[in-house]
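Here's the structure we're looking at; comments come further down.
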Protein chains: 2
Amino acid sequence: MRRTKSESEETRQRILDAAETVFLDIGVSRASLDRIATEAGVTRGAIYWHFANKQELFSAMIERVHGLHQTVLTRSLLGAVDPLQGVLDWALDVIELFAAEAHTRQVYRIIVTRCEYVGEMQDALEWQSDLHERMATNFQNAFEAAAAAKQLAPDWSVKSAATTLECFMSGMLHNWLRYDFDAEVAEALRAGLRSLVGSFRVREAAAGA
Amino acid sequence: MRRTKSESEETRQRILDAAETVFLDIGVSRASLDRIATEAGVTRGAIYWHFANKQELFSAMIERVHGLHQTVLTRSLLGAVDPLQGVLDWALDVIELFAAEAHTRQVYRIIVTRCEYVGEMQDALEWQSDLHERMATNFQNAFEAAAAAKQLAPDWSVKSAATTLECFMSGMLHNWLRYDFDAEVAEALRAGLRSLVGSFRVREAAAGA
DNA sequence: CCCTTTACATACAACACTGTCTGTATATAT
DNA sequence: ATATATACAGACAGTGTTGTATGTAAAGGG
């Protein structure tokens with residue numbers, strides 16, 4: 001009956017997979033540990049061995065995809081030679097991450113549409129607030145640099161540009177994750193993003209009709 | 001013990017108020033009818049008299065603010081003489097609604113951050129999908145009209161402009177409702193919105209440096 | 001080869017919440 | 001004035017879920 005070390009890790013991963021499935025299916029709060037265990041082909045005993053309770057299982061599920069998230073989303077924008085190009089590249093990377101990594105997408109979808117931001121869940125989701133703040137300050141800095149380089153179009157203030165791009169980014173992810181990604185939608189968003197960032201930049205005369 | 005008709009309606013409203021409070025406090029799923037009853041100063045008997053169960057209480061809570069929503073958000077954009085101005089007016093009206101009506105804001109906040117989009121909840125929140133679709137088609141139509149009138153800037157396609165504005169609108173509401181509105185944020189969003197819609201419009205030459 | 005620890009499965013008690021049923025005082029219709 | 005329906009309060013059993021406690025077979029170290 002006793003499993004080897006690697007078999008144990010395998011069950012742990014199966015439990016995490018099952019948690020994702022069940023959470024997506026019926027939501028985090030109604031998901032019983034028994035249902036998750038059955039989905040994983042084990043009993044609740046196995047879950048309680050690997051995790052203290054549902055809360056920690058939830059946190060572990062997030063941690064599993066948090067690494068990719070972190071590296072892509074918190075990359076600083078300060079190094080870019082062209083600040084507006086830097087913002088665009090960063091935003092495109094974010095889209096790329098979600099378009100490519102189905103696992104990340106699924107977990108993020110659970111976070112957005114399948115759990116309540118309350119009690120202990122709020123702690124587990126605190127990194128999301130951090131991320132938003134970091135995104136906001138990054139945008140702020142980039143647009144300030146753009147303004148200093150006279151790159152920012154006259155109808156955009158630093159603040160309104162930063163706010164607008166931030167709203168676009170989170171709205172995009174939310175709208176998208178309400179259903180699921182498909183390649184066509186991803187392309188539409190990339191196009192919208194390019195046009196949006198382009199509209200921040202001061203026009204090079206001509207180009208129009 | 002028996003209350004008059006108007007007293008009964010008063011308790012019904014108190015129950016709905018209590019539901020909002022408790023839902024916001026601990027989330028929809030963990031909110032017990034007993035807790036809500038206590039908050040309202042009644043017993044579960046009263047709740048079960050006015051509503052069949054928690055699900056219908058939740059729906060009734062939404063219905064209470066749905067009217068305002070409906071009239072403002074589903075106003076057609078087709079009538080506008082200037083399509084881009086029509087879009088801007090509509091979007092500003094939406095901001096206005098949320099900035100002015102604390103009750104609407106609170107309920108929407110519950111919907112966004114305090115419940116899971118699953119099972120019977122999905123039915124109760126179906127109007128939200130309708131709303132998004134209607135918003136999308138409205139934008140699409142408006143930008144098609146703008147393109148036909150040669151008003152749309154050359155770097156924006158109809159589709160990318162519509163997608164971008166839609167993402168901005170929902171991202172704005174989501175980001176905003178994660179906390180609560182304050183007047184300063186509202187003004188920043190209005191500014192961003194004006195600039196965004198302005199960037200859709202074809203430049204009138206000059207204006208730049 | 002034995003002993004301890006691991007990696008679970010199984011069993012059990014406790015609780016919170018739900019839906020329903022009954023009780024009841026009073027508004028309201030006749 | 002009487003009868004009936006109303007607007008609840010209180011009591012009830014039933015259920016699903018949780019945490020823990022115990023059992024156990026095999027892995028891995030000495």
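Residues are named by chain letter and number: chains run A, B, ... in the order of the structure tokens, numbers start at 1 in each chain, and ligands are numbered from 1 in the order shown.
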
Within 10 Å of segment 136-148 of chain B, counting only C-alpha atoms (C1' of nucleotides), which residues qualify if same-chain residues fewer than 5 places away don't, as a VMD selection string? chain B and resid 74 to 87 130 to 131 153 to 154 156 to 167 200 to 202

Closest atom pairs, residues of chain C within 9 Å of chain A, only C-alpha atoms (C1' of nucleotides), as JSON lines:
```
{"residue": "C:DT6", "atom": "C1'", "partner": "A:Arg2", "partner_atom": "CA", "distance": 7.0}
{"residue": "C:DA7", "atom": "C1'", "partner": "A:Arg2", "partner_atom": "CA", "distance": 5.4}
{"residue": "C:DC8", "atom": "C1'", "partner": "A:Ala46", "partner_atom": "CA", "distance": 5.5}
{"residue": "C:DA9", "atom": "C1'", "partner": "A:Gly45", "partner_atom": "CA", "distance": 6.5}
{"residue": "C:DT10", "atom": "C1'", "partner": "A:Gly45", "partner_atom": "CA", "distance": 8.6}
```

Hey, what does DSSP flag as alpha helix (DSSP H) within segment 38-107 of chain B? Can you give it to me as a PDB file with N, CA, C and O atoms, in the first residue's frame?
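Saved result, out16.pdb, follows:
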```pdb
ATOM      1  N   THR B  38     -30.671  37.343  11.437  1.00  0.00           N
ATOM      2  CA  THR B  38     -30.231  38.078  12.623  1.00  0.00           C
ATOM      3  C   THR B  38     -29.880  39.516  12.265  1.00  0.00           C
ATOM      4  O   THR B  38     -30.283  40.458  12.957  1.00  0.00           O
ATOM      5  N   GLU B  39     -29.132  39.657  11.154  1.00  0.00           N
ATOM      6  CA  GLU B  39     -28.748  40.990  10.688  1.00  0.00           C
ATOM      7  C   GLU B  39     -29.983  41.860  10.431  1.00  0.00           C
ATOM      8  O   GLU B  39     -29.963  43.069  10.671  1.00  0.00           O
ATOM      9  N   ALA B  40     -31.044  41.221   9.953  1.00  0.00           N
ATOM     10  CA  ALA B  40     -32.272  41.966   9.627  1.00  0.00           C
ATOM     11  C   ALA B  40     -33.180  42.110  10.838  1.00  0.00           C
ATOM     12  O   ALA B  40     -34.216  42.772  10.772  1.00  0.00           O
ATOM     13  N   ARG B  44     -35.351  33.122  10.586  1.00  0.00           N
ATOM     14  CA  ARG B  44     -35.375  32.491   9.263  1.00  0.00           C
ATOM     15  C   ARG B  44     -36.794  32.304   8.747  1.00  0.00           C
ATOM     16  O   ARG B  44     -37.022  32.293   7.534  1.00  0.00           O
ATOM     17  N   GLY B  45     -37.743  32.181   9.666  1.00  0.00           N
ATOM     18  CA  GLY B  45     -39.145  32.072   9.275  1.00  0.00           C
ATOM     19  C   GLY B  45     -39.562  33.208   8.355  1.00  0.00           C
ATOM     20  O   GLY B  45     -40.244  32.988   7.353  1.00  0.00           O
ATOM     21  N   ALA B  46     -39.147  34.402   8.699  1.00  0.00           N
ATOM     22  CA  ALA B  46     -39.506  35.576   7.892  1.00  0.00           C
ATOM     23  C   ALA B  46     -38.913  35.486   6.495  1.00  0.00           C
ATOM     24  O   ALA B  46     -39.577  35.778   5.497  1.00  0.00           O
ATOM     25  N   ILE B  47     -37.663  35.044   6.426  1.00  0.00           N
ATOM     26  CA  ILE B  47     -37.011  34.941   5.118  1.00  0.00           C
ATOM     27  C   ILE B  47     -37.713  33.909   4.256  1.00  0.00           C
ATOM     28  O   ILE B  47     -38.018  34.153   3.088  1.00  0.00           O
ATOM     29  N   TYR B  48     -38.014  32.749   4.875  1.00  0.00           N
ATOM     30  CA  TYR B  48     -38.671  31.700   4.095  1.00  0.00           C
ATOM     31  C   TYR B  48     -40.089  32.088   3.710  1.00  0.00           C
ATOM     32  O   TYR B  48     -40.674  31.497   2.805  1.00  0.00           O
ATOM     33  N   TRP B  49     -40.657  33.038   4.453  1.00  0.00           N
ATOM     34  CA  TRP B  49     -41.987  33.516   4.047  1.00  0.00           C
ATOM     35  C   TRP B  49     -41.883  34.365   2.781  1.00  0.00           C
ATOM     36  O   TRP B  49     -42.650  34.187   1.844  1.00  0.00           O
ATOM     37  N   HIS B  50     -40.873  35.246   2.725  1.00  0.00           N
ATOM     38  CA  HIS B  50     -40.758  36.172   1.600  1.00  0.00           C
ATOM     39  C   HIS B  50     -40.036  35.559   0.400  1.00  0.00           C
ATOM     40  O   HIS B  50     -40.292  35.937  -0.735  1.00  0.00           O
ATOM     41  N   LYS B  54     -32.196  30.792  -0.431  1.00  0.00           N
ATOM     42  CA  LYS B  54     -31.143  31.791  -0.570  1.00  0.00           C
ATOM     43  C   LYS B  54     -30.972  32.231  -2.015  1.00  0.00           C
ATOM     44  O   LYS B  54     -30.732  33.403  -2.296  1.00  0.00           O
ATOM     45  N   GLN B  55     -31.124  31.269  -2.901  1.00  0.00           N
ATOM     46  CA  GLN B  55     -30.988  31.560  -4.309  1.00  0.00           C
ATOM     47  C   GLN B  55     -31.965  32.649  -4.762  1.00  0.00           C
ATOM     48  O   GLN B  55     -31.587  33.594  -5.460  1.00  0.00           O
ATOM     49  N   GLU B  56     -33.219  32.506  -4.336  1.00  0.00           N
ATOM     50  CA  GLU B  56     -34.232  33.476  -4.773  1.00  0.00           C
ATOM     51  C   GLU B  56     -34.073  34.803  -4.052  1.00  0.00           C
ATOM     52  O   GLU B  56     -34.426  35.869  -4.575  1.00  0.00           O
ATOM     53  N   LEU B  57     -33.554  34.728  -2.834  1.00  0.00           N
ATOM     54  CA  LEU B  57     -33.226  35.969  -2.128  1.00  0.00           C
ATOM     55  C   LEU B  57     -32.150  36.731  -2.895  1.00  0.00           C
ATOM     56  O   LEU B  57     -32.238  37.953  -3.083  1.00  0.00           O
ATOM     57  N   PHE B  58     -31.160  35.993  -3.352  1.00  0.00           N
ATOM     58  CA  PHE B  58     -30.080  36.587  -4.140  1.00  0.00           C
ATOM     59  C   PHE B  58     -30.621  37.234  -5.418  1.00  0.00           C
ATOM     60  O   PHE B  58     -30.289  38.383  -5.736  1.00  0.00           O
ATOM     61  N   SER B  59     -31.478  36.505  -6.110  1.00  0.00           N
ATOM     62  CA  SER B  59     -32.069  37.034  -7.336  1.00  0.00           C
ATOM     63  C   SER B  59     -32.883  38.296  -7.052  1.00  0.00           C
ATOM     64  O   SER B  59     -32.805  39.277  -7.803  1.00  0.00           O
ATOM     65  N   ALA B  60     -33.651  38.259  -5.961  1.00  0.00           N
ATOM     66  CA  ALA B  60     -34.476  39.420  -5.614  1.00  0.00           C
ATOM     67  C   ALA B  60     -33.601  40.631  -5.313  1.00  0.00           C
ATOM     68  O   ALA B  60     -33.937  41.767  -5.672  1.00  0.00           O
ATOM     69  N   MET B  61     -32.464  40.374  -4.666  1.00  0.00           N
ATOM     70  CA  MET B  61     -31.531  41.453  -4.357  1.00  0.00           C
ATOM     71  C   MET B  61     -31.038  42.121  -5.640  1.00  0.00           C
ATOM     72  O   MET B  61     -30.922  43.343  -5.721  1.00  0.00           O
ATOM     73  N   ILE B  62     -30.785  41.302  -6.644  1.00  0.00           N
ATOM     74  CA  ILE B  62     -30.341  41.841  -7.921  1.00  0.00           C
ATOM     75  C   ILE B  62     -31.465  42.602  -8.620  1.00  0.00           C
ATOM     76  O   ILE B  62     -31.273  43.704  -9.116  1.00  0.00           O
ATOM     77  N   GLU B  63     -32.637  41.989  -8.612  1.00  0.00           N
ATOM     78  CA  GLU B  63     -33.789  42.601  -9.285  1.00  0.00           C
ATOM     79  C   GLU B  63     -34.057  44.018  -8.778  1.00  0.00           C
ATOM     80  O   GLU B  63     -34.471  44.900  -9.515  1.00  0.00           O
ATOM     81  N   ARG B  64     -33.774  44.199  -7.488  1.00  0.00           N
ATOM     82  CA  ARG B  64     -34.079  45.484  -6.864  1.00  0.00           C
ATOM     83  C   ARG B  64     -33.325  46.637  -7.509  1.00  0.00           C
ATOM     84  O   ARG B  64     -33.808  47.765  -7.530  1.00  0.00           O
ATOM     85  N   VAL B  65     -32.124  46.362  -8.028  1.00  0.00           N
ATOM     86  CA  VAL B  65     -31.350  47.440  -8.650  1.00  0.00           C
ATOM     87  C   VAL B  65     -31.260  47.272 -10.161  1.00  0.00           C
ATOM     88  O   VAL B  65     -30.580  48.039 -10.845  1.00  0.00           O
ATOM     89  N   HIS B  66     -31.949  46.265 -10.673  1.00  0.00           N
ATOM     90  CA  HIS B  66     -31.783  45.939 -12.081  1.00  0.00           C
ATOM     91  C   HIS B  66     -32.413  46.972 -12.999  1.00  0.00           C
ATOM     92  O   HIS B  66     -31.981  47.185 -14.125  1.00  0.00           O
ATOM     93  N   GLY B  67     -33.466  47.635 -12.501  1.00  0.00           N
ATOM     94  CA  GLY B  67     -34.188  48.593 -13.319  1.00  0.00           C
ATOM     95  C   GLY B  67     -33.304  49.718 -13.821  1.00  0.00           C
ATOM     96  O   GLY B  67     -33.210  49.956 -15.034  1.00  0.00           O
ATOM     97  N   LEU B  68     -32.646  50.400 -12.899  1.00  0.00           N
ATOM     98  CA  LEU B  68     -31.738  51.491 -13.247  1.00  0.00           C
ATOM     99  C   LEU B  68     -30.698  51.029 -14.259  1.00  0.00           C
ATOM    100  O   LEU B  68     -30.477  51.660 -15.299  1.00  0.00           O
ATOM    101  N   HIS B  69     -30.071  49.927 -13.905  1.00  0.00           N
ATOM    102  CA  HIS B  69     -29.118  49.268 -14.787  1.00  0.00           C
ATOM    103  C   HIS B  69     -29.624  49.200 -16.212  1.00  0.00           C
ATOM    104  O   HIS B  69     -29.012  49.706 -17.132  1.00  0.00           O
ATOM    105  N   GLN B  70     -30.764  48.552 -16.310  1.00  0.00           N
ATOM    106  CA  GLN B  70     -31.343  48.256 -17.614  1.00  0.00           C
ATOM    107  C   GLN B  70     -31.530  49.525 -18.436  1.00  0.00           C
ATOM    108  O   GLN B  70     -31.094  49.592 -19.577  1.00  0.00           O
ATOM    109  N   THR B  71     -32.157  50.516 -17.830  1.00  0.00           N
ATOM    110  CA  THR B  71     -32.473  51.723 -18.600  1.00  0.00           C
ATOM    111  C   THR B  71     -31.209  52.432 -19.073  1.00  0.00           C
ATOM    112  O   THR B  71     -31.143  52.904 -20.201  1.00  0.00           O
ATOM    113  N   VAL B  72     -30.204  52.502 -18.208  1.00  0.00           N
ATOM    114  CA  VAL B  72     -28.987  53.221 -18.585  1.00  0.00           C
ATOM    115  C   VAL B  72     -28.136  52.413 -19.558  1.00  0.00           C
ATOM    116  O   VAL B  72     -27.700  52.917 -20.599  1.00  0.00           O
ATOM    117  N   LEU B  73     -27.930  51.151 -19.236  1.00  0.00           N
ATOM    118  CA  LEU B  73     -26.934  50.381 -19.976  1.00  0.00           C
ATOM    119  C   LEU B  73     -27.402  49.868 -21.329  1.00  0.00           C
ATOM    120  O   LEU B  73     -26.587  49.563 -22.185  1.00  0.00           O
ATOM    121  N   PRO B  83     -21.525  59.377 -34.101  1.00  0.00           N
ATOM    122  CA  PRO B  83     -21.423  58.049 -33.463  1.00  0.00           C
ATOM    123  C   PRO B  83     -20.383  58.000 -32.345  1.00  0.00           C
ATOM    124  O   PRO B  83     -20.643  57.417 -31.287  1.00  0.00           O
ATOM    125  N   LEU B  84     -19.233  58.621 -32.536  1.00  0.00           N
ATOM    126  CA  LEU B  84     -18.203  58.571 -31.497  1.00  0.00           C
ATOM    127  C   LEU B  84     -18.631  59.357 -30.260  1.00  0.00           C
ATOM    128  O   LEU B  84     -18.391  58.935 -29.125  1.00  0.00           O
ATOM    129  N   GLN B  85     -19.285  60.485 -30.495  1.00  0.00           N
ATOM    130  CA  GLN B  85     -19.808  61.252 -29.364  1.00  0.00           C
ATOM    131  C   GLN B  85     -20.878  60.436 -28.630  1.00  0.00           C
ATOM    132  O   GLN B  85     -20.948  60.449 -27.401  1.00  0.00           O
ATOM    133  N   GLY B  86     -21.681  59.695 -29.389  1.00  0.00           N
ATOM    134  CA  GLY B  86     -22.712  58.850 -28.786  1.00  0.00           C
ATOM    135  C   GLY B  86     -22.099  57.789 -27.884  1.00  0.00           C
ATOM    136  O   GLY B  86     -22.567  57.565 -26.765  1.00  0.00           O
ATOM    137  N   VAL B  87     -21.044  57.162 -28.356  1.00  0.00           N
ATOM    138  CA  VAL B  87     -20.356  56.158 -27.553  1.00  0.00           C
ATOM    139  C   VAL B  87     -19.821  56.771 -26.268  1.00  0.00           C
ATOM    140  O   VAL B  87     -19.994  56.234 -25.168  1.00  0.00           O
ATOM    141  N   LEU B  88     -19.184  57.926 -26.416  1.00  0.00           N
ATOM    142  CA  LEU B  88     -18.616  58.598 -25.246  1.00  0.00           C
ATOM    143  C   LEU B  88     -19.698  58.948 -24.237  1.00  0.00           C
ATOM    144  O   LEU B  88     -19.551  58.694 -23.030  1.00  0.00           O
ATOM    145  N   ASP B  89     -20.805  59.506 -24.710  1.00  0.00           N
ATOM    146  CA  ASP B  89     -21.898  59.876 -23.807  1.00  0.00           C
ATOM    147  C   ASP B  89     -22.417  58.661 -23.052  1.00  0.00           C
ATOM    148  O   ASP B  89     -22.636  58.695 -21.854  1.00  0.00           O
ATOM    149  N   TRP B  90     -22.597  57.588 -23.801  1.00  0.00           N
ATOM    150  CA  TRP B  90     -23.111  56.372 -23.191  1.00  0.00           C
ATOM    151  C   TRP B  90     -22.169  55.898 -22.079  1.00  0.00           C
ATOM    152  O   TRP B  90     -22.597  55.617 -20.961  1.00  0.00           O
ATOM    153  N   ALA B  91     -20.893  55.847 -22.390  1.00  0.00           N
ATOM    154  CA  ALA B  91     -19.917  55.349 -21.415  1.00  0.00           C
ATOM    155  C   ALA B  91     -19.855  56.251 -20.187  1.00  0.00           C
ATOM    156  O   ALA B  91     -19.757  55.773 -19.048  1.00  0.00           O
ATOM    157  N   LEU B  92     -19.930  57.540 -20.411  1.00  0.00           N
ATOM    158  CA  LEU B  92     -19.926  58.470 -19.286  1.00  0.00           C
ATOM    159  C   LEU B  92     -21.165  58.281 -18.416  1.00  0.00           C
ATOM    160  O   LEU B  92     -21.103  58.385 -17.191  1.00  0.00           O
ATOM    161  N   ASP B  93     -22.292  57.986 -19.061  1.00  0.00           N
ATOM    162  CA  ASP B  93     -23.517  57.713 -18.306  1.00  0.00           C
ATOM    163  C   ASP B  93     -23.339  56.499 -17.407  1.00  0.00           C
ATOM    164  O   ASP B  93     -23.820  56.469 -16.269  1.00  0.00           O
ATOM    165  N   VAL B  94     -22.652  55.477 -17.909  1.00  0.00           N
ATOM    166  CA  VAL B  94     -22.430  54.272 -17.115  1.00  0.00           C
ATOM    167  C   VAL B  94     -21.601  54.606 -15.874  1.00  0.00           C
ATOM    168  O   VAL B  94     -21.933  54.222 -14.751  1.00  0.00           O
ATOM    169  N   ILE B  95     -20.528  55.366 -16.093  1.00  0.00           N
ATOM    170  CA  ILE B  95     -19.717  55.797 -14.944  1.00  0.00           C
ATOM    171  C   ILE B  95     -20.576  56.573 -13.958  1.00  0.00           C
ATOM    172  O   ILE B  95     -20.522  56.351 -12.746  1.00  0.00           O
ATOM    173  N   GLU B  96     -21.371  57.465 -14.506  1.00  0.00           N
ATOM    174  CA  GLU B  96     -22.238  58.300 -13.664  1.00  0.00           C
ATOM    175  C   GLU B  96     -23.154  57.434 -12.796  1.00  0.00           C
ATOM    176  O   GLU B  96     -23.299  57.686 -11.593  1.00  0.00           O
ATOM    177  N   LEU B  97     -23.742  56.432 -13.430  1.00  0.00           N
ATOM    178  CA  LEU B  97     -24.655  55.557 -12.684  1.00  0.00           C
ATOM    179  C   LEU B  97     -23.964  54.938 -11.482  1.00  0.00           C
ATOM    180  O   LEU B  97     -24.467  54.981 -10.353  1.00  0.00           O
ATOM    181  N   PHE B  98     -22.784  54.389 -11.692  1.00  0.00           N
ATOM    182  CA  PHE B  98     -22.081  53.720 -10.601  1.00  0.00           C
ATOM    183  C   PHE B  98     -21.543  54.705  -9.579  1.00  0.00           C
ATOM    184  O   PHE B  98     -21.476  54.403  -8.391  1.00  0.00           O
ATOM    185  N   ALA B  99     -21.162  55.891 -10.060  1.00  0.00           N
ATOM    186  CA  ALA B  99     -20.634  56.883  -9.127  1.00  0.00           C
ATOM    187  C   ALA B  99     -21.735  57.437  -8.233  1.00  0.00           C
ATOM    188  O   ALA B  99     -21.504  57.743  -7.058  1.00  0.00           O
ATOM    189  N   ALA B 100     -22.958  57.530  -8.774  1.00  0.00           N
ATOM    190  CA  ALA B 100     -24.041  58.177  -8.028  1.00  0.00           C
ATOM    191  C   ALA B 100     -24.816  57.193  -7.163  1.00  0.00           C
ATOM    192  O   ALA B 100     -25.200  57.515  -6.035  1.00  0.00           O
ATOM    193  N   ALA B 102     -25.030  54.284  -4.834  1.00  0.00           N
ATOM    194  CA  ALA B 102     -24.251  53.408  -3.966  1.00  0.00           C
ATOM    195  C   ALA B 102     -24.841  51.998  -3.914  1.00  0.00           C
ATOM    196  O   ALA B 102     -24.111  51.007  -3.828  1.00  0.00           O
ATOM    197  N   HIS B 103     -26.148  51.905  -3.975  1.00  0.00           N
ATOM    198  CA  HIS B 103     -26.818  50.601  -3.910  1.00  0.00           C
ATOM    199  C   HIS B 103     -26.458  49.732  -5.105  1.00  0.00           C
ATOM    200  O   HIS B 103     -26.072  48.572  -4.955  1.00  0.00           O
ATOM    201  N   THR B 104     -26.559  50.315  -6.272  1.00  0.00           N
ATOM    202  CA  THR B 104     -26.178  49.605  -7.498  1.00  0.00           C
ATOM    203  C   THR B 104     -24.737  49.149  -7.422  1.00  0.00           C
ATOM    204  O   THR B 104     -24.403  48.015  -7.771  1.00  0.00           O
ATOM    205  N   ARG B 105     -23.881  50.039  -6.930  1.00  0.00           N
ATOM    206  CA  ARG B 105     -22.461  49.753  -6.822  1.00  0.00           C
ATOM    207  C   ARG B 105     -22.215  48.565  -5.905  1.00  0.00           C
ATOM    208  O   ARG B 105     -21.434  47.670  -6.200  1.00  0.00           O
ATOM    209  N   GLN B 106     -22.923  48.572  -4.784  1.00  0.00           N
ATOM    210  CA  GLN B 106     -22.744  47.523  -3.789  1.00  0.00           C
ATOM    211  C   GLN B 106     -23.154  46.158  -4.346  1.00  0.00           C
ATOM    212  O   GLN B 106     -22.429  45.173  -4.183  1.00  0.00           O
ATOM    213  N   VAL B 107     -24.286  46.117  -4.995  1.00  0.00           N
ATOM    214  CA  VAL B 107     -24.768  44.853  -5.563  1.00  0.00           C
ATOM    215  C   VAL B 107     -23.815  44.366  -6.648  1.00  0.00           C
ATOM    216  O   VAL B 107     -23.468  43.191  -6.705  1.00  0.00           O
TER     217      VAL B 107
END
```

Distance atom CA of Ser170 of chain A-atom CA of Asn175 of chain B, one decimal place?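 For atom CA of Ser170 of chain A relative to atom CA of Asn175 of chain B, the distance reads 7.5 Å.
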
Report, in Å to a single decimal, how far apart atom C1' of DT28 of chain C and atom C1' of DT6 of chain D are.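 Separation between atom C1' of DT6 of chain D and atom C1' of DT28 of chain C: 9.0 Å.
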
May I have the residues within 7 Å of segment 21-31 of chain A as a short mmCIF file (atom, residue, chain, number, x, y, z; two decimals) with C-alpha atoms, in the first residue's frame, using only C-alpha atoms (C1' of nucleotides) and disregarding those fewer than 4 positions away in the same chain?
```cif
data_model
loop_
_atom_site.label_atom_id
_atom_site.label_comp_id
_atom_site.auth_asym_id
_atom_site.auth_seq_id
_atom_site.Cartn_x
_atom_site.Cartn_y
_atom_site.Cartn_z
CA ASP A 17 -5.32 18.57 -11.04
CA ARG A 35 -15.56 15.10 -4.49
CA ILE A 36 -12.01 16.20 -5.22
CA ILE A 110 -11.02 29.86 -11.21
CA ARG A 114 -15.18 30.51 -9.30
CA CYS A 115 -14.30 31.90 -5.88
CA SER B 29 -21.94 30.90 -0.33
CA GLU B 116 -19.14 32.09 -7.79
CA VAL B 118 -21.70 28.41 -11.07
CA GLY B 119 -24.86 26.33 -10.88
#
```

May I have the residues of chain D within 9 Å of chain A, counting only C-alpha atoms (C1' of nucleotides), written as a list in words? DT17, DG19, DT24, DA25, DA26 and DA27 of chain D

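Residue nearest chain B within the list A:Gln151, A:Thr113, A:Ser129, A:Gln122: A:Thr113 [criterion: smallest interatomic distance, only C-alpha atoms].
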
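Considering the residues D:DA21, D:DA13, D:DA7, D:DA1 and counting only C-alpha atoms (C1' of nucleotides), DC12 of chain C has its shortest atom-to-atom contact with D:DA21.
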
Shell around DG30 of chain D at 12 Å using only C-alpha atoms (C1' of nucleotides), local window under 4 positions removed, as a list in words: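 The residues satisfying every condition are DC1, DC2, DC3 and DT4 of chain C.
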
Can you write just those residues out, N, CA and C atoms (P, O5', C5', C4', C3', O3' and C1' of nucleotides), as a PDB file, in the first residue's frame?
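File out33.pdb, as written:
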```pdb
ATOM      1  P    DC C   1      16.848 -11.957   5.537  1.00  0.00           P
ATOM      2  O5'  DC C   1      16.583 -11.275   6.916  1.00  0.00           O
ATOM      3  C5'  DC C   1      17.557 -11.369   7.953  1.00  0.00           C
ATOM      4  C4'  DC C   1      17.245 -10.278   8.935  1.00  0.00           C
ATOM      5  C3'  DC C   1      15.752 -10.087   9.184  1.00  0.00           C
ATOM      6  O3'  DC C   1      15.562  -9.798  10.573  1.00  0.00           O
ATOM      7  C1'  DC C   1      16.667  -8.069   8.392  1.00  0.00           C
ATOM      8  P    DC C   2      14.095 -10.181  11.199  1.00  0.00           P
ATOM      9  O5'  DC C   2      13.933  -8.933  12.170  1.00  0.00           O
ATOM     10  C5'  DC C   2      15.069  -8.462  12.884  1.00  0.00           C
ATOM     11  C4'  DC C   2      14.983  -6.952  13.045  1.00  0.00           C
ATOM     12  C3'  DC C   2      13.607  -6.434  13.491  1.00  0.00           C
ATOM     13  O3'  DC C   2      13.787  -5.497  14.535  1.00  0.00           O
ATOM     14  C1'  DC C   2      14.314  -5.272  11.566  1.00  0.00           C
ATOM     15  P    DC C   3      12.588  -5.252  15.582  1.00  0.00           P
ATOM     16  O5'  DC C   3      12.621  -3.663  15.643  1.00  0.00           O
ATOM     17  C5'  DC C   3      13.864  -2.985  15.456  1.00  0.00           C
ATOM     18  C4'  DC C   3      13.604  -1.622  14.840  1.00  0.00           C
ATOM     19  C3'  DC C   3      12.288  -0.979  15.291  1.00  0.00           C
ATOM     20  O3'  DC C   3      12.542   0.332  15.759  1.00  0.00           O
ATOM     21  C1'  DC C   3      12.426  -1.003  12.914  1.00  0.00           C
ATOM     22  P    DT C   4      11.406   1.116  16.648  1.00  0.00           P
ATOM     23  O5'  DT C   4      11.195   2.443  15.783  1.00  0.00           O
ATOM     24  C5'  DT C   4      12.338   3.090  15.216  1.00  0.00           C
ATOM     25  C4'  DT C   4      11.964   3.752  13.918  1.00  0.00           C
ATOM     26  C3'  DT C   4      10.738   4.671  14.006  1.00  0.00           C
ATOM     27  O3'  DT C   4      11.116   5.976  13.602  1.00  0.00           O
ATOM     28  C1'  DT C   4      10.614   3.266  12.096  1.00  0.00           C
TER      29       DT C   4
END
```

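Take the candidates B:Arg178, B:Arg109, B:Phe168, B:Val197 and check each one against chain A using only C-alpha atoms; the shortest distance goes to B:Phe168.
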
What is the distance between atom CA of Leu196 of chain A and atom CA of Met172 of chain B, in Å to one decimal? 15.5 Å

Rank nothing, just name the residue among B:Trp176, B:Asp182, B:Asp155, B:Arg14 nearest to chain A, using only C-alpha atoms.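 With only C-alpha atoms as the atom set, the closest residue is B:Asp155.
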